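Q: Sharing a structure below in structure tokens format, with a few things to ask.
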Number of protein chains: 2
Amino acid sequence: MSYHHGDLRRAMTAAAATAVAERGPAALSLRELARIAGVSHAAPAHHFGDKAGVLTAVATEGYTLLAEALQEAGDDLLAAGIAYVRFAVDHPGHFAVMFDRSLLHADDAGLRAAEQASAAALAGLAPDADASRAAWSVAHGFASLWLSGAISGPDVVAAAEPVLRRMAPTPG
Amino acid sequence: MSYHHGDLRRAMTAAAATAVAERGPAALSLRELARIAGVSHAAPAHHFGDKAGVLTAVATEGYTLLAEALQEAGDDLLAAGIAYVRFAVDHPGHFAVMFDRSLLHADDAGLRAAEQASAAALAGLAPDADASRAAWSVAHGFASLWLSGAISGPDVVAAAEPVLRRMAPTPG
DNA sequence: CTGCTATCTTGTCAATGGAAAGATGAGTCG
DNA sequence: CGACTCATCTTTCCATTGACAAGATAGCAG
């Protein structure tokens with residue numbers, strides 16, 4: 001291990017996402033992340049500024065991943081909803097941080113851009129604003145409740161589909 | 001101010017809910033709460049054990065308040081949904097903590113009881129399990145997105161109603 | 001070879017959560 | 001009244017943390 005890590009930024013965001021997924025954002029320790037990455041406790045500050053900076057990077061990555069997932073799902077509202085839920089379950093660390101403004105630098109330029117990218121991916125799927133908000137709300141609510149354990153079952157998608165379908169009644 | 005505060009437990013949960021609402025659960029400091037209450041920094045430990053204990057008490061109070069709000073809303077699914085959203089907006093500190101298991105003592109007896117009380121208030125409103133989950137998901141999702149700033153507007157209820165109605169199409 | 005700059009380290013500080021041990025006072029029972 | 005008991009609160013202490021300041025290192029351009 002040389003003096004320079006080489007890819008510290010990426011390693012830190014990955015480790016942070018994992019740690020948040022496992023023990024929540026509150027238990028995240030910058031020093032622990034540094035230990036995992038094998039660098040000194042002050043190294044993260046150079047790349048991220050402070051703790052909120054690390055989580056902002058994670059959230060930004062999350063919004064980008066979400067936008068990609070939504071685009072891959074295509075124009076179908078139900079498919080988009082399932083993609084949304086699947087993203088949340090597959091990336092719980094990112095998801096936990098993305099919608100908690102108190103943890104982030106909410107005015108970060110990169111974050112805002114990534115937010116708008118996924119917002120754009122969401123818009124246009126529904127006929128009007130209310131329908132769009134409704135679809136977003138069901139998917140987001142189901143994902144949140146599933147992650148918190150309030151709703152549980154053997155398979156996420158199987159549980160989510162009938163719920164999402166009720167909001168976006170597509171044939172088939 | 002005597003040696004005994006007299007109502008420390010209630011004062012602490014109230015102060016904690018306010019602090020969480022203002023700056024998020026991560027920024028909550030037990031010592032700050034103690035200062036606000038005018039007691040030593042170790043006093044809270046006696047009543048709540050640790051930080052998670054304080055937040056567990058807040059969450060328990062939240063579930064109780066939610067159950068009451070839902071019961072007052074009656075049998076109408078739309079009214080219940082609006083009551084749910086209104087609760088979240090009126091008690092953001094409680095709401096922020098209730099569904100984040102990583103902050104709580106999830107196996108606390110009082111918490112579980114309060115959870116089930118509000119779950120019971122939710123059940124029975126919808127014809128089947130999927131409808132119930134769907135209603136819960138929209139209300140929860142909308143409330144979360146509104147609190148995070150992802151959805152905004154001049155009036156919460158006015159914004160929530162058309163969204164909730166799409167899920168629970170009641171006449172009138 | 002000589003700077004230049006991003007990257008990382010070491011040293012330090014106040015604040016925090018939590019544990020241990022002791023002080024206080026309210027109520028109970030003789 | 002007086003002693004006992006117990007919940008409540010304080011004082012003291014420690015390891016950990018986030019953040020800052022100043023210095024060390026290395027890759028890279030000239």
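Chain identifiers are assigned as A, B, and so on, following the order in which chains appear in the structure tokens; residues are numbered from 1 within each chain, and ligands are numbered from 1 in order of appearance.
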Write out as number ranges by chain the residues lying within 10 Å of Ala52 of chain A, counting only C-alpha atoms (C1' of nucleotides) and excluding same-chain residues fewer than 6 positions away.

A: A: 58, 101-106

Q: Please produce a file of the residues just selected, as a PDB file, in the first residue's frame, where the atoms kept are N, CA and C atoms.

A:
ATOM      1  N   VAL A  58     -22.628   9.973  -1.554  1.00  0.00           N
ATOM      2  CA  VAL A  58     -23.405   8.735  -1.630  1.00  0.00           C
ATOM      3  C   VAL A  58     -24.788   9.014  -2.225  1.00  0.00           C
ATOM      4  N   ARG A 101     -32.561  15.269   4.054  1.00  0.00           N
ATOM      5  CA  ARG A 101     -31.839  16.521   3.842  1.00  0.00           C
ATOM      6  C   ARG A 101     -30.918  16.879   5.015  1.00  0.00           C
ATOM      7  N   SER A 102     -31.294  16.458   6.201  1.00  0.00           N
ATOM      8  CA  SER A 102     -30.520  16.856   7.376  1.00  0.00           C
ATOM      9  C   SER A 102     -29.128  16.224   7.381  1.00  0.00           C
ATOM     10  N   LEU A 103     -28.924  15.232   6.541  1.00  0.00           N
ATOM     11  CA  LEU A 103     -27.631  14.565   6.488  1.00  0.00           C
ATOM     12  C   LEU A 103     -26.741  15.107   5.379  1.00  0.00           C
ATOM     13  N   LEU A 104     -27.315  15.894   4.501  1.00  0.00           N
ATOM     14  CA  LEU A 104     -26.616  16.251   3.264  1.00  0.00           C
ATOM     15  C   LEU A 104     -26.312  17.739   3.163  1.00  0.00           C
ATOM     16  N   HIS A 105     -25.445  18.057   2.220  1.00  0.00           N
ATOM     17  CA  HIS A 105     -25.287  19.429   1.764  1.00  0.00           C
ATOM     18  C   HIS A 105     -26.297  19.633   0.637  1.00  0.00           C
ATOM     19  N   ALA A 106     -27.480  20.049   1.025  1.00  0.00           N
ATOM     20  CA  ALA A 106     -28.606  20.036   0.097  1.00  0.00           C
ATOM     21  C   ALA A 106     -28.386  20.950  -1.102  1.00  0.00           C
TER      22      ALA A 106
END

Q: Residues of chain A within 8 Å of chain B: nearest atom pair and distance (Å, one decimal) for each, counting only C-alpha atoms, sorted by chain and number, as CSV?

A:
residue,atom,partner,partner_atom,distance
A:Arg23,CA,B:Ser102,CA,6.0
A:Gly24,CA,B:Ser102,CA,5.4
A:Pro25,CA,B:Ala26,CA,7.5
A:Ala26,CA,B:Ala26,CA,5.1
A:Phe99,CA,B:Ser148,CA,5.7
A:Asp100,CA,B:Ser148,CA,6.2
A:Arg101,CA,B:Ser148,CA,6.3
A:Ser102,CA,B:Gly24,CA,5.4
A:Leu103,CA,B:Ala26,CA,7.5
A:Asp130,CA,B:Val163,CA,5.8
A:Ala131,CA,B:Val163,CA,7.0
A:Arg133,CA,B:Val163,CA,6.7
A:Ala134,CA,B:Val163,CA,4.9
A:Trp136,CA,B:Gly141,CA,7.6
A:Ser137,CA,B:Gly141,CA,4.3
A:Val138,CA,B:Val138,CA,4.3
A:Ala139,CA,B:Gly141,CA,7.3
A:His140,CA,B:Gly141,CA,5.0
A:Gly141,CA,B:Gly141,CA,3.4
A:Phe142,CA,B:Ser137,CA,4.8
A:Ser144,CA,B:Gly141,CA,7.5
A:Leu145,CA,B:Ser137,CA,7.3
A:Ser148,CA,B:Phe99,CA,5.7
A:Ala150,CA,B:Phe99,CA,8.0
A:Ile151,CA,B:Arg133,CA,7.9
A:Pro162,CA,B:Asp130,CA,6.6
A:Val163,CA,B:Ala134,CA,4.9
A:Leu164,CA,B:Ala134,CA,7.3
A:Arg166,CA,B:Met167,CA,7.1
A:Met167,CA,B:Met167,CA,6.1

Q: With only C-alpha atoms (C1' of nucleotides) as the counted atoms, please give the residues lying no more than 8 Å from Ala34 of chain A, apart from itself and same-chain residues fewer than 4 positions off, as a compact mmCIF listing (two decimals) with C-alpha atoms, in the first residue's frame.

A:
# COMPACT_ATOMS: atom_id res chain seq x y z
CA MET A 12 -15.01 5.79 0.67
CA LEU A 30 -15.58 8.72 9.18
CA GLY A 38 -6.42 1.80 5.12
CA VAL A 39 -5.79 5.53 5.25
CA SER A 40 -5.42 8.01 8.06
CA HIS A 41 -8.42 9.45 9.83
CA ALA A 42 -8.04 12.81 8.16
CA ALA A 43 -7.79 11.62 4.58
CA PRO A 44 -11.55 11.68 3.89

Q: Can you tell me, as a PyMOL selection string, what residues are no more than 12 Å from DA19 of chain C when counting only C-alpha atoms (C1' of nucleotides), ignoring any on the same chain fewer than 2 positions away?

A: (chain B and resi 42+45-46+49-50) or (chain C and resi 17+21) or (chain D and resi 12-15)

Q: Taking the chain letters and numbering used in this document, name the residues of segment 31-65 of chain B that DSSP puts in helix (DSSP H, G or I), as a PyMOL selection string.

A: chain B and resi 31-37+43-48+51-65

Q: Store the residues of this selection in a file with C-alpha atoms, as a PDB file, in the first residue's frame.

A:
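Written file, part23.pdb:
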ATOM      1  CA  ARG B  31     -26.104  16.466  26.542  1.00  0.00           C
ATOM      2  CA  GLU B  32     -27.875  19.296  24.764  1.00  0.00           C
ATOM      3  CA  LEU B  33     -31.241  17.892  25.794  1.00  0.00           C
ATOM      4  CA  ALA B  34     -30.000  17.704  29.348  1.00  0.00           C
ATOM      5  CA  ARG B  35     -28.880  21.322  29.194  1.00  0.00           C
ATOM      6  CA  ILE B  36     -32.273  22.374  27.872  1.00  0.00           C
ATOM      7  CA  ALA B  37     -33.993  20.509  30.667  1.00  0.00           C
ATOM      8  CA  ALA B  43     -29.719  12.289  34.080  1.00  0.00           C
ATOM      9  CA  PRO B  44     -31.326  11.067  30.827  1.00  0.00           C
ATOM     10  CA  ALA B  45     -29.532   7.752  31.085  1.00  0.00           C
ATOM     11  CA  HIS B  46     -31.475   6.879  34.166  1.00  0.00           C
ATOM     12  CA  HIS B  47     -34.801   7.178  32.391  1.00  0.00           C
ATOM     13  CA  PHE B  48     -33.919   6.029  28.906  1.00  0.00           C
ATOM     14  CA  LYS B  51     -29.653   7.539  23.079  1.00  0.00           C
ATOM     15  CA  ALA B  52     -31.654   4.865  21.309  1.00  0.00           C
ATOM     16  CA  GLY B  53     -33.808   4.695  24.408  1.00  0.00           C
ATOM     17  CA  VAL B  54     -34.736   8.350  24.099  1.00  0.00           C
ATOM     18  CA  LEU B  55     -35.627   7.943  20.449  1.00  0.00           C
ATOM     19  CA  THR B  56     -37.562   4.773  21.220  1.00  0.00           C
ATOM     20  CA  ALA B  57     -39.649   6.775  23.651  1.00  0.00           C
ATOM     21  CA  VAL B  58     -40.257   9.423  20.982  1.00  0.00           C
ATOM     22  CA  ALA B  59     -41.220   6.775  18.440  1.00  0.00           C
ATOM     23  CA  THR B  60     -43.567   5.105  20.886  1.00  0.00           C
ATOM     24  CA  GLU B  61     -45.245   8.411  21.580  1.00  0.00           C
ATOM     25  CA  GLY B  62     -45.472   8.924  17.832  1.00  0.00           C
ATOM     26  CA  TYR B  63     -47.209   5.625  17.181  1.00  0.00           C
ATOM     27  CA  THR B  64     -49.675   6.374  19.935  1.00  0.00           C
ATOM     28  CA  LEU B  65     -50.433   9.801  18.515  1.00  0.00           C
TER      29      LEU B  65
END

Q: Compile the residues of chain D that lie within 12 Å of chain B, evaluated using only C-alpha atoms (C1' of nucleotides), and express the compilation as a list in words.

A: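 In the required form, that comes to DA7, DT8, DC9, DT10, DT11 and DT12 of chain D.
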
Q: Could you take the residues named above and write them with C-alpha atoms (C1' of nucleotides), as a PDB file, in the first residue's frame?

A:
ATOM      1  C1'  DA D   7     -36.013   6.395  42.571  1.00  0.00           C
ATOM      2  C1'  DT D   8     -33.858  10.416  40.869  1.00  0.00           C
ATOM      3  C1'  DC D   9     -30.076  13.206  39.813  1.00  0.00           C
ATOM      4  C1'  DT D  10     -24.860  14.672  40.066  1.00  0.00           C
ATOM      5  C1'  DT D  11     -19.948  14.228  39.660  1.00  0.00           C
ATOM      6  C1'  DT D  12     -16.150  12.162  37.683  1.00  0.00           C
TER       7       DT D  12
END

Q: For the atom pair atom C1' of DT7 of chain C and atom C1' of DA19 of chain D, what is the interatomic distance in Å to one decimal place?

A: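 Interatomic distance here is 18.3 Å.
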
Q: Show me which bits of chain C are within 10 Å of chain A, counting only C-alpha atoms (C1' of nucleotides), as a VMD selection string.

A: chain C and resid 6 to 10

Q: Tell me, in Å to one decimal, how far atom CA of Ala158 of chain A is from atom CA of Pro92 of chain A.

A: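 Interatomic distance, atom CA of Ala158 of chain A to atom CA of Pro92 of chain A: 18.5 Å.
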
Q: Using Å and a single decimal, report how far atom CA of Glu72 of chain B sits from atom CA of Val156 of chain B.

A: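 Going from atom CA of Val156 of chain B over to atom CA of Glu72 of chain B covers 19.0 Å.
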
Q: Report as a list in words all protein, DNA and RNA residues lying within 12 Å of DG3 of chain C, evaluated on only C-alpha atoms (C1' of nucleotides), omitting residues in the same chain fewer than 5 positions from it.

A: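 My reading of the contact set: DC28, DA29 and DG30 of chain D.
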
Q: Out of A:Arg10, A:Val97, A:Ala109, A:Ala121, which residue has the shortest atom-to-atom distance to Leu66 of chain A when counting only C-alpha atoms?

A: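 Ranked by minimum distance to Leu66 of chain A, first place goes to A:Ala121.
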